[in-house]
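Taking it in order: structure first as structure tokens, then the write-up.
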Amino acid sequence: MSPLAEVDRVSVTTVVDNYIDTLRQDEKVARRFSAFVARQMPDLRAEHGLAHWVEIARGAATTRIVFDFGSTAASMTHNFRALGLDAARLDALALSHGHWDHWGGLGGFLQAYRRGMRRDLVFYAGADHFLPRWNQRGDDRVSMGRLYREEIERYDVRVALVTAPTLVADGVLLSGEMHAREDFETIPANLKVERDGRLEPDPFIGEQTLVANVRGRGLVVVTSCSHRGVIGICRNAARIAGVPQVHAVVGGFHLSGLSEERVTRVVDAFRRLGVEYVVPQHCTGIEAIATLRQRLPGELVVSSVGSTFTFGE
């Protein structure tokens with residue numbers, strides 16, 4: 001297999017995340033949406049969710065993708081507007097998985113912006129993204145939502161189901177289904193999927209990761225919740241891209257509430273992988289971020305809504 005084509009630069013702007021700190025300064029690869037950038041005190045919203053505007057530059061071409069859409073249309077559309085992002089320049093939409101905190105803002109986003117977008121817009125999703133999801137503990141269960149494909153298609157957006165690694169543009173890959181995982185990265189037993197009226201453990205086989213290969217540096221891996229394990233996701237990205245070096249990982253690592261042993265094993269595995277930048281977001285958890293700060297201070301980049309993380313030239 002030929003390695004994934006190189007790109008010159010990847011920029012990830014966090015539109016929605018759990019965290020916001022308008023006083024944070026620029027650091028390492030992060031540029032903050034400060035008062036001096038906004039020309040006023042920033043008016044951005046944080047919520048339990050994740051959404052990214054991703055730009056991939058290759059030569060004279062730039063591909064722009066919205067990857068996930070946060071929990072609510074209110075935060076998604078408000079932040080999108082406040083950050084000055086232009087939906088008319090979008091090339092594609094992509095969804096990581098079927099939990100509401102990643103697609104809840106999609107309908108309102110399309111309602112607000114679809115008219116100005118390109119007509120041949122494609123929405124990339126896993127084949128299992130449209131199933132009902134649940135959080136169950138004992139006899140209690142809480143809905144994690146259900147996305148309906150027809151709700152997207154009524155906005156004249158073509159839905160493309162991704163099962164195998166799929167090029168979205170030159171040098172930009174969606175992971176497709178991921179079947180392998182690391183033994184120590186167990187999937188939370190409380191998370192369920194409903195198939196044909198029956199609840200079963202959710203394997204998150206179809207959870208998508210966005211992958212690009214930055215010239216001379218290696219892979220930038222943009223993940224969402226990493227339900228199958230962020231280390232397994234990084235190693236899977238290296239396999240499907242044919243590129244051994246993982247330069248940066250951005251996204252939710254789903255370590256919140258997990259044991260100190262599990263968190264430490266993940267952090268130490270980042271070191272063994274040689275990851276140069278780690279940007280923990282959303283469901284990573286404060287304790288895990290603190291462990292990253294202690295054990296990988298040079299690699300850690302703190303997230304905040306509105307930040308842009310740039311890798312490459």
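Labels used: A, B, ... for chains in the order of the structure tokens, numbers from 1 for residues in each chain, and numbers from 1 for ligands as shown.
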Checklist entry - Using only C-alpha atoms, which residues sit within 7 Å of segment 140-156 of chain A once same-chain residues fewer than 3 positions away are excluded, as a ChimeraX atom specification? => result /A:98-100,130-137,159
Next on the checklist: as a list in words, please: the residues near Ala5 of chain A (cut-off 12 Å, only C-alpha atoms, same-chain neighbours under 6 positions excluded).
Outcome noted: Ile56, Ala57, Arg58, Gly59, Leu167, Ala169, Asp170, Gly171, Val172, Leu173, Val211, Ala212, Asn213, Val214, Arg215, Gly216, Gly218, Leu219, Ala241, Gly242 and Val243 of chain A
As a PDB file with all heavy atoms, in the first residue's frame, please: the residues near Glu47 of chain A (cut-off 7 Å, only C-alpha atoms, same-chain neighbours under 5 positions excluded).
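Final output, saved to result-v5.pdb:
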ATOM      1  N   VAL A  16     -16.653  23.826  19.020  1.00  0.00           N
ATOM      2  CA  VAL A  16     -17.353  23.458  20.254  1.00  0.00           C
ATOM      3  C   VAL A  16     -16.472  22.506  21.041  1.00  0.00           C
ATOM      4  O   VAL A  16     -15.864  21.599  20.479  1.00  0.00           O
ATOM      5  CB  VAL A  16     -18.708  22.783  19.966  1.00  0.00           C
ATOM      6  CG1 VAL A  16     -19.375  22.318  21.261  1.00  0.00           C
ATOM      7  CG2 VAL A  16     -19.646  23.721  19.204  1.00  0.00           C
ATOM      8  N   ASP A  17     -16.406  22.722  22.342  1.00  0.00           N
ATOM      9  CA  ASP A  17     -15.687  21.823  23.254  1.00  0.00           C
ATOM     10  C   ASP A  17     -16.223  22.073  24.660  1.00  0.00           C
ATOM     11  O   ASP A  17     -16.954  23.050  24.892  1.00  0.00           O
ATOM     12  CB  ASP A  17     -14.178  22.082  23.189  1.00  0.00           C
ATOM     13  CG  ASP A  17     -13.341  20.999  23.873  1.00  0.00           C
ATOM     14  OD1 ASP A  17     -13.911  19.974  24.300  1.00  0.00           O
ATOM     15  OD2 ASP A  17     -12.108  21.186  23.983  1.00  0.00           O
ATOM     16  N   ASN A  18     -15.848  21.202  25.590  1.00  0.00           N
ATOM     17  CA  ASN A  18     -16.286  21.355  26.981  1.00  0.00           C
ATOM     18  C   ASN A  18     -15.642  22.528  27.685  1.00  0.00           C
ATOM     19  O   ASN A  18     -16.142  22.981  28.709  1.00  0.00           O
ATOM     20  CB  ASN A  18     -15.943  20.094  27.786  1.00  0.00           C
ATOM     21  CG  ASN A  18     -16.682  18.863  27.334  1.00  0.00           C
ATOM     22  OD1 ASN A  18     -16.953  18.708  26.146  1.00  0.00           O
ATOM     23  ND2 ASN A  18     -17.000  17.974  28.257  1.00  0.00           N
TER      24      ASN A  18
END
Item to check | Residues near Thr310 of chain A, cut-off 8 Å, only C-alpha atoms, skip fewer than 4 positions along chain, as a list in words | outcome: Arg9, Val10, Ser11, Val12, Val29 and Ala30 of chain A
Checklist entry - Hey, can you check how far atom CA of His179 of chain A sits from atom CA of Arg262 of chain A? => result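 Between atom CA of His179 of chain A and atom CA of Arg262 of chain A the gap is 20.6 Å.
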